[in-house]
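Participant: Below is the file my_file.cif, with mmCIF, C-alpha atoms and all ligand atoms.
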data_my_file
loop_
_atom_site.label_atom_id
_atom_site.label_comp_id
_atom_site.auth_asym_id
_atom_site.auth_seq_id
_atom_site.Cartn_x
_atom_site.Cartn_y
_atom_site.Cartn_z
CA MET A 1 -48.71 -79.49 -69.96
CA ASP A 2 -48.74 -79.14 -73.79
CA LEU A 3 -45.60 -77.48 -75.03
CA GLN A 4 -46.12 -78.31 -78.71
CA LEU A 5 -46.87 -75.61 -81.24
CA THR A 6 -50.39 -75.78 -82.69
CA ASP A 7 -50.93 -76.21 -86.44
CA LYS A 8 -51.83 -72.51 -86.65
CA GLU A 9 -48.58 -71.55 -84.93
CA LYS A 10 -46.60 -73.85 -87.23
CA ARG A 11 -48.25 -72.20 -90.23
CA PHE A 12 -47.36 -68.80 -88.79
CA ARG A 13 -43.71 -69.90 -88.51
CA GLU A 14 -43.76 -70.91 -92.16
CA GLU A 15 -45.36 -67.57 -93.15
CA VAL A 16 -42.64 -65.65 -91.28
CA ARG A 17 -39.90 -67.79 -92.80
CA VAL A 18 -41.16 -67.20 -96.34
CA PHE A 19 -41.52 -63.47 -95.68
CA ILE A 20 -37.96 -63.21 -94.37
CA ASN A 21 -36.52 -65.33 -97.18
CA THR A 22 -38.13 -63.17 -99.83
CA GLN A 23 -37.72 -59.74 -98.19
CA LEU A 24 -34.40 -59.74 -96.33
CA PRO A 25 -31.63 -58.15 -98.42
CA LYS A 26 -28.85 -60.67 -99.05
CA ASP A 27 -26.02 -58.35 -98.01
CA ILE A 28 -27.57 -57.75 -94.58
CA ARG A 29 -27.97 -61.49 -94.01
CA GLU A 30 -24.38 -62.16 -95.06
CA ARG A 31 -22.93 -59.42 -92.85
CA LEU A 32 -24.76 -60.69 -89.79
CA ARG A 33 -23.97 -64.31 -90.50
CA ALA A 34 -20.27 -63.49 -90.69
CA GLY A 35 -20.52 -62.03 -87.19
CA HIS A 36 -20.55 -58.30 -87.99
CA PRO A 37 -22.89 -56.03 -86.04
CA PRO A 38 -25.71 -54.61 -88.19
CA ARG A 39 -25.14 -51.11 -89.56
CA LYS A 40 -27.62 -48.35 -88.82
CA ASP A 41 -29.00 -48.50 -92.36
CA ASP A 42 -29.38 -52.30 -92.07
CA ILE A 43 -31.52 -51.84 -88.98
CA VAL A 44 -33.58 -49.01 -90.49
CA CYS A 45 -34.15 -50.89 -93.76
CA TRP A 46 -35.20 -54.16 -92.09
CA HIS A 47 -37.25 -52.50 -89.35
CA ARG A 48 -39.28 -50.71 -92.03
CA VAL A 49 -39.82 -53.92 -93.99
CA LEU A 50 -41.11 -55.57 -90.80
CA ASN A 51 -43.29 -52.55 -90.11
CA THR A 52 -45.19 -53.10 -93.36
CA ARG A 53 -46.67 -56.16 -91.60
CA GLY A 54 -46.90 -54.60 -88.10
CA TRP A 55 -44.08 -56.97 -87.09
CA ALA A 56 -41.65 -54.25 -86.00
CA THR A 57 -44.06 -53.52 -83.16
CA ALA A 58 -45.60 -56.96 -82.87
CA HIS A 59 -46.75 -56.54 -79.25
CA TRP A 60 -48.26 -53.06 -79.63
CA PRO A 61 -52.05 -52.89 -79.80
CA LYS A 62 -53.38 -52.86 -83.37
CA GLU A 63 -54.89 -49.38 -82.94
CA TYR A 64 -51.32 -48.01 -82.72
CA GLY A 65 -50.09 -49.96 -85.73
CA GLY A 66 -48.95 -53.01 -83.80
CA GLY A 67 -49.09 -56.58 -84.99
CA GLY A 68 -51.68 -57.90 -82.55
CA LEU A 69 -49.76 -61.21 -82.35
CA SER A 70 -50.12 -63.70 -79.52
CA PRO A 71 -47.14 -64.18 -77.17
CA ILE A 72 -46.26 -67.48 -78.87
CA GLU A 73 -46.44 -65.89 -82.33
CA ARG A 74 -44.18 -63.08 -81.12
CA MET A 75 -41.72 -65.64 -79.82
CA ILE A 76 -41.78 -67.42 -83.19
CA LEU A 77 -41.27 -64.13 -85.03
CA ALA A 78 -38.31 -63.17 -82.81
CA GLU A 79 -36.74 -66.60 -83.29
CA GLU A 80 -37.10 -66.57 -87.06
CA ILE A 81 -35.59 -63.09 -87.26
CA PHE A 82 -32.56 -64.27 -85.28
CA LEU A 83 -32.31 -67.51 -87.25
CA ALA A 84 -32.25 -65.70 -90.62
CA PRO A 85 -30.10 -63.91 -89.31
CA ALA A 86 -31.68 -60.46 -89.62
CA PRO A 87 -31.50 -57.44 -87.28
CA PRO A 88 -34.24 -57.46 -84.65
CA PRO A 89 -36.55 -54.42 -84.65
CA GLN A 90 -34.83 -51.38 -83.09
CA VAL A 91 -35.25 -52.28 -79.44
CA PHE A 92 -35.35 -48.81 -77.88
CA ASN A 93 -38.18 -47.76 -80.19
CA SER A 94 -40.24 -50.94 -80.36
CA ASN A 95 -39.81 -52.48 -76.94
CA MET A 96 -39.13 -49.51 -74.71
CA ILE A 97 -40.32 -45.97 -75.43
CA GLY A 98 -43.17 -46.96 -77.78
CA PRO A 99 -45.04 -49.01 -75.14
CA VAL A 100 -44.32 -46.33 -72.49
CA ILE A 101 -45.89 -43.61 -74.63
CA ILE A 102 -48.84 -45.90 -75.44
CA HIS A 103 -49.49 -46.41 -71.71
CA PHE A 104 -48.45 -43.12 -70.13
CA GLY A 105 -48.06 -40.53 -72.91
CA ASN A 106 -50.61 -37.83 -73.63
CA GLU A 107 -52.63 -37.67 -76.86
CA ASN A 108 -50.23 -35.19 -78.49
CA GLN A 109 -47.26 -37.42 -77.77
CA LYS A 110 -49.09 -40.48 -79.08
CA ARG A 111 -50.12 -38.74 -82.29
CA HIS A 112 -46.74 -37.16 -82.91
CA PHE A 113 -44.32 -39.87 -81.84
CA LEU A 114 -45.91 -43.31 -82.21
CA PRO A 115 -46.06 -43.55 -86.03
CA LYS A 116 -42.48 -42.24 -86.27
CA ILE A 117 -41.29 -44.63 -83.58
CA ALA A 118 -43.01 -47.58 -85.27
CA ASN A 119 -41.47 -46.80 -88.66
CA LEU A 120 -38.09 -45.81 -87.22
CA ASP A 121 -38.42 -42.35 -88.75
CA LEU A 122 -37.11 -41.18 -85.38
CA TRP A 123 -34.35 -43.24 -83.76
CA PHE A 124 -34.50 -43.23 -79.96
CA CYS A 125 -31.69 -44.08 -77.53
CA GLN A 126 -31.98 -44.84 -73.83
CA GLY A 127 -30.44 -42.35 -71.37
CA PHE A 128 -30.75 -44.22 -68.08
CA SER A 129 -27.30 -45.32 -66.81
CA GLU A 130 -24.88 -42.85 -65.32
CA PRO A 131 -21.44 -43.16 -63.78
CA GLY A 132 -22.40 -44.54 -60.35
CA ALA A 133 -25.94 -45.46 -61.37
CA GLY A 134 -26.15 -48.73 -63.31
CA SER A 135 -27.49 -51.68 -61.34
CA ASP A 136 -28.49 -49.14 -58.70
CA LEU A 137 -30.26 -46.98 -61.28
CA ALA A 138 -32.30 -45.00 -58.77
CA SER A 139 -29.06 -43.29 -57.63
CA LEU A 140 -29.03 -41.26 -60.85
CA ARG A 141 -28.02 -37.63 -60.42
CA THR A 142 -28.78 -35.85 -63.72
CA GLN A 143 -30.85 -32.86 -62.59
CA ALA A 144 -33.83 -31.23 -64.29
CA ARG A 145 -34.71 -27.82 -62.85
CA ARG A 146 -38.04 -26.28 -63.82
CA ASP A 147 -37.81 -22.88 -65.55
CA GLY A 148 -41.14 -21.65 -66.98
CA ASP A 149 -42.30 -24.04 -69.70
CA ASP A 150 -38.94 -25.82 -69.81
CA TYR A 151 -36.80 -28.09 -67.72
CA VAL A 152 -33.11 -27.23 -67.66
CA VAL A 153 -31.19 -30.51 -67.63
CA THR A 154 -27.59 -30.94 -66.47
CA GLY A 155 -25.71 -34.17 -65.91
CA GLN A 156 -24.11 -37.16 -67.60
CA LYS A 157 -25.30 -40.44 -69.06
CA ILE A 158 -23.03 -43.34 -69.94
CA TRP A 159 -23.08 -46.55 -72.02
CA THR A 160 -25.75 -44.92 -74.17
CA THR A 161 -26.04 -47.32 -77.11
CA SER A 162 -26.28 -45.55 -80.49
CA ALA A 163 -26.59 -42.04 -79.00
CA HIS A 164 -24.37 -40.88 -81.88
CA GLN A 165 -26.99 -42.14 -84.34
CA ALA A 166 -30.08 -41.15 -82.41
CA ASP A 167 -32.57 -38.37 -83.11
CA TRP A 168 -34.07 -38.47 -79.62
CA MET A 169 -33.25 -39.85 -76.19
CA PHE A 170 -35.69 -40.97 -73.50
CA CYS A 171 -34.00 -39.96 -70.34
CA LEU A 172 -34.42 -40.36 -66.60
CA VAL A 173 -33.73 -37.17 -64.66
CA ARG A 174 -34.01 -36.09 -61.06
CA THR A 175 -36.77 -33.51 -60.66
CA ASP A 176 -37.00 -33.60 -56.86
CA PRO A 177 -33.59 -33.86 -55.17
CA GLN A 178 -35.24 -33.86 -51.70
CA ALA A 179 -37.47 -36.90 -52.28
CA LYS A 180 -36.56 -40.52 -51.53
CA LYS A 181 -34.41 -41.59 -54.46
CA GLN A 182 -37.02 -43.55 -56.44
CA MET A 183 -39.65 -40.86 -55.87
CA GLY A 184 -37.96 -37.79 -57.38
CA ILE A 185 -37.35 -39.06 -60.92
CA SER A 186 -39.09 -38.03 -64.16
CA MET A 187 -38.87 -39.25 -67.75
CA LEU A 188 -38.14 -36.74 -70.50
CA LEU A 189 -37.95 -37.03 -74.28
CA ILE A 190 -34.92 -35.03 -75.37
CA ASP A 191 -34.13 -33.95 -78.93
CA MET A 192 -30.48 -34.91 -79.50
CA GLN A 193 -29.98 -31.73 -81.56
CA SER A 194 -30.70 -29.55 -78.50
CA ALA A 195 -28.04 -27.02 -77.51
CA GLY A 196 -25.86 -28.25 -74.64
CA ILE A 197 -25.67 -31.95 -75.61
CA THR A 198 -22.25 -33.48 -76.25
CA VAL A 199 -21.92 -37.11 -77.34
CA ARG A 200 -18.54 -38.77 -76.87
CA PRO A 201 -17.79 -42.23 -78.25
CA ILE A 202 -16.78 -45.22 -76.14
CA ILE A 203 -15.04 -47.76 -78.37
CA SER A 204 -15.84 -51.19 -77.00
CA ILE A 205 -13.63 -54.27 -76.87
CA ASP A 206 -14.77 -55.39 -80.33
CA GLY A 207 -13.28 -52.23 -81.85
CA HIS A 208 -16.68 -50.83 -82.85
CA HIS A 209 -18.50 -47.66 -81.86
CA HIS A 210 -21.78 -48.78 -80.27
CA LEU A 211 -21.58 -46.90 -76.97
CA ASN A 212 -21.31 -43.32 -75.82
CA GLU A 213 -21.13 -40.88 -72.98
CA VAL A 214 -23.77 -38.16 -73.24
CA PHE A 215 -23.11 -34.86 -71.46
CA LEU A 216 -26.01 -32.52 -70.81
CA ASP A 217 -25.12 -28.94 -69.99
CA GLU A 218 -28.10 -26.70 -69.24
CA VAL A 219 -30.17 -28.39 -71.96
CA ARG A 220 -33.64 -26.84 -72.29
CA VAL A 221 -36.38 -29.45 -72.66
CA PRO A 222 -40.02 -28.35 -73.01
CA VAL A 223 -42.24 -29.58 -70.16
CA ALA A 224 -44.49 -30.88 -72.96
CA ASN A 225 -41.80 -33.53 -73.56
CA ARG A 226 -42.21 -35.07 -70.12
CA VAL A 227 -43.85 -38.50 -70.25
CA GLY A 228 -46.60 -38.86 -67.67
CA GLU A 229 -46.46 -37.13 -64.32
CA GLU A 230 -43.56 -35.31 -62.72
CA ASN A 231 -41.66 -37.51 -60.22
CA LYS A 232 -43.34 -40.70 -61.47
CA GLY A 233 -40.53 -41.62 -63.89
CA TRP A 234 -39.41 -44.59 -61.80
CA ASP A 235 -42.78 -46.29 -62.31
CA TYR A 236 -42.49 -45.77 -66.07
CA ALA A 237 -38.90 -47.04 -66.07
CA LYS A 238 -39.98 -50.22 -64.25
CA PHE A 239 -42.80 -50.69 -66.75
CA LEU A 240 -40.35 -50.13 -69.62
CA LEU A 241 -37.81 -52.62 -68.30
CA GLY A 242 -40.54 -55.24 -67.92
CA GLN A 243 -41.68 -54.91 -71.54
CA GLU A 244 -41.64 -57.67 -74.08
CA ARG A 245 -39.58 -60.32 -72.36
CA THR A 246 -40.50 -63.02 -74.88
CA GLY A 247 -37.27 -62.58 -76.83
CA ILE A 248 -35.02 -62.29 -73.81
CA ALA A 249 -33.69 -65.87 -73.96
CA GLY A 250 -32.45 -65.29 -77.51
CA VAL A 251 -32.88 -68.98 -78.35
CA GLY A 252 -32.93 -68.25 -82.10
CA ARG A 253 -29.83 -66.09 -81.83
CA THR A 254 -27.84 -68.88 -80.15
CA ARG A 255 -29.22 -71.55 -82.47
CA GLU A 256 -28.15 -69.52 -85.49
CA ARG A 257 -24.60 -69.12 -84.08
CA LEU A 258 -24.44 -72.88 -83.44
CA ALA A 259 -25.62 -73.69 -86.96
CA TYR A 260 -22.97 -71.36 -88.35
CA ALA A 261 -20.29 -73.03 -86.20
CA LYS A 262 -21.36 -76.47 -87.45
CA ASP A 263 -21.40 -75.28 -91.06
CA LEU A 264 -17.91 -73.78 -90.81
CA ALA A 265 -16.67 -76.91 -89.04
CA THR A 266 -17.50 -79.01 -92.10
CA ARG A 267 -14.91 -76.98 -94.00
CA VAL A 268 -12.23 -76.50 -91.36
CA MET A 269 -9.79 -79.42 -91.20
CA SER A 270 -8.43 -80.84 -87.96
CA GLY A 271 -5.92 -83.72 -88.03
CA GLY A 272 -6.72 -84.47 -91.67
CA ALA A 273 -10.50 -84.63 -91.19
CA PRO A 274 -13.26 -82.03 -91.01
CA LEU A 275 -13.65 -80.57 -87.53
CA THR A 276 -17.21 -81.96 -87.43
CA GLU A 277 -15.64 -85.40 -86.94
CA ASP A 278 -13.58 -84.30 -83.95
CA PRO A 279 -15.09 -85.92 -80.80
CA SER A 280 -14.31 -82.98 -78.52
CA PHE A 281 -15.95 -80.53 -80.98
CA ARG A 282 -19.00 -82.78 -81.21
CA GLU A 283 -19.20 -82.99 -77.44
CA ARG A 284 -19.08 -79.21 -77.05
CA VAL A 285 -21.83 -78.77 -79.66
CA SER A 286 -24.00 -81.44 -78.01
CA LEU A 287 -23.70 -79.87 -74.58
CA ILE A 288 -24.77 -76.45 -75.83
CA GLU A 289 -27.61 -77.98 -77.87
CA ALA A 290 -28.93 -79.91 -74.89
CA ASP A 291 -28.89 -76.81 -72.69
CA LEU A 292 -30.50 -74.80 -75.47
CA LYS A 293 -33.33 -77.31 -75.74
CA ALA A 294 -33.94 -77.01 -71.99
CA LEU A 295 -33.95 -73.22 -72.30
CA GLU A 296 -36.39 -73.39 -75.21
CA ILE A 297 -38.80 -75.48 -73.14
CA THR A 298 -38.51 -73.08 -70.21
CA GLN A 299 -39.16 -70.19 -72.58
CA LEU A 300 -42.28 -71.91 -73.94
CA ARG A 301 -43.55 -72.40 -70.39
CA VAL A 302 -43.03 -68.70 -69.67
CA VAL A 303 -44.46 -67.45 -72.94
CA SER A 304 -47.48 -69.73 -72.89
CA GLY A 305 -48.38 -68.14 -69.57
CA GLN A 306 -47.71 -71.14 -67.36
CA SER A 307 -45.32 -69.09 -65.31
CA THR A 308 -46.53 -65.68 -64.26
CA SER A 309 -45.17 -63.27 -61.73
CA GLU A 310 -47.43 -62.85 -58.75
CA SER A 311 -47.65 -59.78 -56.52
CA GLY A 312 -45.80 -57.50 -58.95
CA LYS A 313 -42.40 -58.85 -57.89
CA PRO A 314 -39.80 -59.46 -60.62
CA ASP A 315 -40.61 -62.74 -62.35
CA PRO A 316 -37.85 -65.24 -61.47
CA PHE A 317 -38.47 -67.13 -64.72
CA THR A 318 -37.55 -64.02 -66.69
CA SER A 319 -34.27 -63.97 -64.76
CA ILE A 320 -33.63 -67.62 -65.63
CA LEU A 321 -34.19 -66.86 -69.31
CA LYS A 322 -31.84 -63.87 -69.16
CA VAL A 323 -29.04 -65.69 -67.33
CA ARG A 324 -29.14 -68.96 -69.27
CA GLY A 325 -29.89 -67.23 -72.57
CA THR A 326 -26.83 -65.01 -72.34
CA GLU A 327 -24.58 -67.80 -71.03
CA LEU A 328 -25.49 -70.05 -73.96
CA TYR A 329 -25.13 -67.25 -76.49
CA GLN A 330 -21.66 -66.56 -75.12
CA ALA A 331 -20.83 -70.28 -75.28
CA ALA A 332 -21.87 -70.40 -78.96
CA CYS A 333 -19.77 -67.30 -79.77
CA GLU A 334 -16.82 -68.93 -78.01
CA LEU A 335 -17.35 -72.13 -79.97
CA LEU A 336 -17.16 -70.12 -83.21
CA CYS A 337 -13.78 -68.75 -82.13
CA GLN A 338 -12.64 -72.30 -81.42
CA VAL A 339 -13.68 -73.33 -84.93
CA ALA A 340 -11.60 -70.50 -86.37
CA GLY A 341 -8.68 -71.41 -84.13
CA PRO A 342 -5.65 -69.10 -84.29
CA ALA A 343 -7.17 -67.28 -87.30
CA ALA A 344 -9.70 -65.65 -84.96
CA LEU A 345 -6.84 -64.06 -83.04
CA ALA A 346 -5.80 -61.91 -85.97
CA ALA A 347 -9.08 -60.10 -85.51
CA GLN A 348 -9.35 -56.63 -86.92
CA PRO A 349 -12.93 -55.75 -87.83
CA GLU A 350 -11.85 -53.97 -91.02
CA GLU A 351 -10.00 -57.12 -92.15
CA ALA A 352 -13.10 -59.22 -91.91
CA SER A 353 -14.82 -60.69 -94.93
CA THR A 354 -18.37 -61.96 -95.21
CA ASP A 355 -17.31 -64.57 -97.74
CA THR A 356 -16.94 -67.92 -96.02
CA ARG A 357 -15.79 -69.55 -99.27
CA ASP A 358 -12.68 -67.50 -98.71
CA LEU A 359 -10.84 -70.07 -96.66
CA GLY A 360 -7.85 -67.82 -96.45
CA LEU A 361 -9.73 -67.40 -93.15
CA ARG A 362 -10.50 -63.71 -93.53
CA TRP A 363 -14.05 -64.72 -92.51
CA ALA A 364 -12.63 -65.62 -89.10
CA ALA A 365 -11.64 -62.04 -88.37
CA ALA A 366 -15.19 -61.04 -87.37
CA LEU A 367 -15.61 -63.87 -84.88
CA ALA A 368 -13.35 -62.74 -82.05
CA PRO A 369 -14.81 -59.20 -81.95
CA ALA A 370 -18.31 -60.72 -81.89
CA TYR A 371 -17.24 -63.05 -79.08
CA PHE A 372 -15.77 -60.13 -77.11
CA TYR A 373 -18.94 -58.08 -77.51
CA SER A 374 -21.07 -61.07 -76.52
CA ARG A 375 -19.55 -60.71 -73.05
CA ALA A 376 -21.64 -57.52 -72.67
CA ALA A 377 -24.88 -59.50 -73.00
CA SER A 378 -24.63 -60.58 -69.37
CA ILE A 379 -24.24 -56.94 -68.27
CA TYR A 380 -26.88 -54.97 -70.17
CA GLY A 381 -30.61 -55.51 -69.67
CA GLY A 382 -30.02 -56.15 -65.94
CA ALA A 383 -26.64 -57.71 -65.05
CA ASN A 384 -26.69 -61.48 -64.50
CA GLU A 385 -25.54 -61.06 -60.89
CA ILE A 386 -28.64 -58.95 -60.25
CA GLN A 387 -30.79 -61.62 -61.94
CA LYS A 388 -29.23 -64.21 -59.63
CA ASN A 389 -30.12 -62.04 -56.62
CA ILE A 390 -33.73 -62.04 -57.85
CA LEU A 391 -33.63 -65.82 -58.20
CA ALA A 392 -32.11 -66.30 -54.75
CA LYS A 393 -34.72 -64.04 -53.13
CA SER A 394 -37.50 -65.83 -54.94
CA ALA A 395 -36.17 -69.26 -53.87
CA LEU A 396 -36.09 -68.00 -50.27
CA GLY A 397 -39.60 -66.59 -50.61
CA LEU A 398 -38.39 -63.03 -49.95
C1 LIG B 401 -23.04 -53.08 -74.25
C2 LIG B 401 -23.84 -52.27 -73.27
C3 LIG B 401 -24.85 -51.45 -73.73
C4 LIG B 401 -25.56 -50.66 -72.84
N1 LIG B 401 -26.51 -49.80 -73.33
C5 LIG B 401 -27.14 -48.95 -72.48
C6 LIG B 401 -28.06 -47.97 -72.97
O1 LIG B 401 -28.31 -47.88 -74.17
N2 LIG B 401 -28.64 -47.13 -72.08
C7 LIG B 401 -28.40 -47.20 -70.75
O2 LIG B 401 -28.98 -46.43 -70.00
N3 LIG B 401 -27.52 -48.10 -70.24
C8 LIG B 401 -26.88 -48.97 -71.08
N4 LIG B 401 -25.98 -49.88 -70.59
C9 LIG B 401 -25.64 -49.84 -69.17
C10 LIG B 401 -26.13 -51.05 -68.40
O3 LIG B 401 -27.49 -50.94 -68.13
C11 LIG B 401 -25.27 -51.11 -67.12
O4 LIG B 401 -23.94 -51.39 -67.53
C12 LIG B 401 -25.74 -52.17 -66.18
O5 LIG B 401 -26.97 -51.79 -65.60
C13 LIG B 401 -24.72 -52.38 -65.05
O6 LIG B 401 -24.40 -51.17 -64.45
P1 LIG B 401 -22.89 -50.69 -64.26
O7 LIG B 401 -22.18 -50.83 -65.57
O8 LIG B 401 -22.91 -49.36 -63.61
O9 LIG B 401 -22.21 -51.76 -63.29
P2 LIG B 401 -22.43 -51.86 -61.73
O10 LIG B 401 -23.88 -51.72 -61.39
O11 LIG B 401 -21.47 -50.94 -61.06
O12 LIG B 401 -22.01 -53.35 -61.48
C14 LIG B 401 -20.63 -53.76 -61.53
C15 LIG B 401 -20.62 -55.25 -61.20
O13 LIG B 401 -21.13 -55.45 -59.86
C16 LIG B 401 -22.25 -56.32 -59.88
N5 LIG B 401 -23.25 -55.87 -58.92
C17 LIG B 401 -23.76 -54.62 -58.80
N6 LIG B 401 -24.69 -54.59 -57.80
C18 LIG B 401 -24.74 -55.85 -57.29
C19 LIG B 401 -25.52 -56.47 -56.27
N7 LIG B 401 -26.43 -55.77 -55.57
N8 LIG B 401 -25.32 -57.79 -56.03
C20 LIG B 401 -24.43 -58.51 -56.75
N9 LIG B 401 -23.65 -57.97 -57.73
C21 LIG B 401 -23.82 -56.68 -58.00
C22 LIG B 401 -22.80 -56.21 -61.29
O14 LIG B 401 -23.54 -57.35 -61.66
C23 LIG B 401 -21.53 -56.08 -62.11
O15 LIG B 401 -20.94 -57.33 -62.33
C24 LIG B 401 -25.27 -50.71 -71.46
C25 LIG B 401 -24.25 -51.55 -71.00
C26 LIG B 401 -23.54 -52.31 -71.89
C27 LIG B 401 -22.43 -53.20 -71.37
#
Rewrite the structure from the file as structure tokens, please.

Facilitator:
Amino acid sequence: MDLQLTDKEKRFREEVRVFINTQLPKDIRERLRAGHPPRKDDIVCWHRVLNTRGWATAHWPKEYGGGGLSPIERMILAEEIFLAPAPPPQVFNSNMIGPVIIHFGNENQKRHFLPKIANLDLWFCQGFSEPGAGSDLASLRTQARRDGDDYVVTGQKIWTTSAHQADWMFCLVRTDPQAKKQMGISMLLIDMQSAGITVRPIISIDGHHHLNEVFLDEVRVPVANRVGEENKGWDYAKFLLGQERTGIAGVGRTRERLAYAKDLATRVMSGGAPLTEDPSFRERVSLIEADLKALEITQLRVVSGQSTSESGKPDPFTSILKVRGTELYQAACELLCQVAGPAALAAQPEEASTDTRDLGLRWAAALAPAYFYSRAASIYGGANEIQKNILAKSALGL
């Protein structure tokens, strides 16, 4: 089994690195490096720069403006973006609704939406989860009743990332309440300016506003905005959730956090010497690095196609990447808090500075919020407990 990059792939990595180094605005890089979440305009700006190369939609077919990259090249691109660090392409547009419209949308939808999705001229959010329908998503209860050329949608979504910033929401709704629960679901594209939509913020543990509740009260949605067939939304949702798993391990994201921890540790003193000389710090770094190397090799096996899911069942290797990837990311975020020591405890996002030369430790104030929010990584995108169920079933041959 050859898990080395070819010369062509190494050259591609260099090309991406040069592109990022010359194109990524310095203030975005500094904000992310300090541990702040990207702002909406950071994401829009960088997504559009990537789109000039087709790299915002690297796995879309070229005919729809995609990058036409191989799986390994896409993995390299995702890693280099994380390593910069730069914001990844807007995930709901690039990895979710774009591919769904390419595969299941009609010609009008493709023509109207795809260029705007690719260039982030329209910002989509994902209206799937509801109170009582998260891991068990098929229990969703938001109803869409047909009335002439419209559906009339009533219900509630929750944990809707960036709904307050979004122009549109792709939404799962129940169109046949009598059918078996997976069978009566449809997917609608809903304009967030429609009458009857109320977005309420959920402030998460990091003190930021990423998440929302979305209330839909008799919202009229043209039937023309349904993706694919009525009552087939579950199939499209499964397709959507299986899209573009190459970045799921987030190896570059964790490696970048580790590099930052090591860099800070050269300047933080412990017992009269830099923290980098502290044996227990070095041990913690080595353990994460060793696990990260193992994850990277597993990821290469998956991406190079040596592990493929048979029989349409969830791919257990994808679950391994998700579980280990998020655990290691969380470990690296925790390590950063340990580097900051008590200074991380004084965390108030507005106090945080991006200037790490400022060893009054204001730089440390962003690290605890980032660590707290990293805890969510093992919940969204399919909770780790659910991934472990998939692994257990696969090990038992079920
Ligand atoms: C930061 C963040 C952003 C999110 N963004 C979005 C978004 O943009 N759009 C959207 O639609 N949703 C979003 N979600 C929702 C996310 O998809 C759900 O939180 C997730 O699916 C879990 O559902 P739940 O919160 O209802 O928890 P539950 O499903 O109620 O689970 C609660 C706990 O029980 C465990 N559990 C549940 N079932 C089982 C089982 N069968 N076996 C073992 N353990 C089980 C879970 O793993 C979890 O630990 C986001 C969530 C977070 C945290």

Participant: Which residues, written as a PyMOL selection string, have at least one atom at most 10 Å from region 184-196 of chain A, with all atoms listed in the file counted and residues fewer than 6 positions away on the same chain left out?

Facilitator: chain A and resi 97+109+124-128+138-144+151+153-154+163-178+214-237

Participant: Quick one: what's the axis-aligned box for ligand LIG 401 (chain B), all listed atoms, 6 Å on every side, centre and edges in Å to one decimal, as AutoDock Vina command-line options?

Facilitator:
--center_x -24.8 --center_y -52.5 --center_z -64.9 --size_x 20.4 --size_y 24.1 --size_z 30.7

Participant: Given only C-alpha atoms and all ligand atoms, how would the per-residue table for chain A near ligand LIG 401 (chain B) read, listing every residue at most 9 Å away with its closest atom pair and distance in Å to one decimal, sorted by chain and number, as a Markdown table?

Facilitator:
| residue | atom | partner | partner_atom | distance |
| --- | --- | --- | --- | --- |
| A:Phe92 | CA | B:LIG401 | O1 | 8.0 |
| A:Cys125 | CA | B:LIG401 | O1 | 6.1 |
| A:Gln126 | CA | B:LIG401 | N2 | 4.4 |
| A:Gly127 | CA | B:LIG401 | O2 | 4.5 |
| A:Phe128 | CA | B:LIG401 | O2 | 3.4 |
| A:Ser129 | CA | B:LIG401 | O2 | 3.8 |
| A:Glu130 | CA | B:LIG401 | O8 | 7.0 |
| A:Pro131 | CA | B:LIG401 | O8 | 6.4 |
| A:Gly132 | CA | B:LIG401 | O8 | 5.8 |
| A:Ala133 | CA | B:LIG401 | O8 | 5.4 |
| A:Gly134 | CA | B:LIG401 | O6 | 3.2 |
| A:Ser135 | CA | B:LIG401 | O10 | 3.6 |
| A:Asp136 | CA | B:LIG401 | O10 | 5.9 |
| A:Leu137 | CA | B:LIG401 | O5 | 7.3 |
| A:Lys157 | CA | B:LIG401 | O2 | 7.1 |
| A:Ile158 | CA | B:LIG401 | N3 | 6.6 |
| A:Trp159 | CA | B:LIG401 | C8 | 4.6 |
| A:Thr160 | CA | B:LIG401 | O1 | 3.9 |
| A:Thr161 | CA | B:LIG401 | O1 | 3.8 |
| A:Ser162 | CA | B:LIG401 | O1 | 7.0 |
| A:Ala163 | CA | B:LIG401 | O1 | 7.8 |
| A:Cys171 | CA | B:LIG401 | O2 | 8.2 |
| A:Leu172 | CA | B:LIG401 | O2 | 8.8 |
| A:Ser204 | CA | B:LIG401 | C1 | 7.9 |
| A:His210 | CA | B:LIG401 | C1 | 7.5 |
| A:Leu211 | CA | B:LIG401 | C3 | 6.5 |
| A:Asn212 | CA | B:LIG401 | O1 | 8.5 |
| A:Tyr373 | CA | B:LIG401 | C1 | 7.2 |
| A:Ser374 | CA | B:LIG401 | C1 | 8.5 |
| A:Arg375 | CA | B:LIG401 | C27 | 8.2 |
| A:Ala376 | CA | B:LIG401 | C27 | 4.6 |
| A:Ala377 | CA | B:LIG401 | C1 | 6.8 |
| A:Ser378 | CA | B:LIG401 | C27 | 8.0 |
| A:Ile379 | CA | B:LIG401 | C27 | 5.2 |
| A:Tyr380 | CA | B:LIG401 | C10 | 4.4 |
| A:Gly381 | CA | B:LIG401 | O3 | 5.7 |
| A:Gly382 | CA | B:LIG401 | O5 | 5.3 |
| A:Ala383 | CA | B:LIG401 | O14 | 4.6 |
| A:Asn384 | CA | B:LIG401 | O14 | 5.9 |
| A:Glu385 | CA | B:LIG401 | O14 | 4.3 |
| A:Ile386 | CA | B:LIG401 | C20 | 5.5 |
| A:Gln387 | CA | B:LIG401 | O14 | 8.4 |
| A:Lys388 | CA | B:LIG401 | C20 | 8.0 |
| A:Asn389 | CA | B:LIG401 | N8 | 6.4 |

Participant: Would you kindly return, as a list of chain:residue names, each protein, DNA or RNA residue with an atom no farther than 7 Å from any atom of Ser319 (chain A), considering all atoms listed in the file and excluding same-chain residues fewer than 4 positions away?

Facilitator: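 Within the cut-off, the hits are A:Asp315, A:Val323, A:Gln387, A:Leu391.
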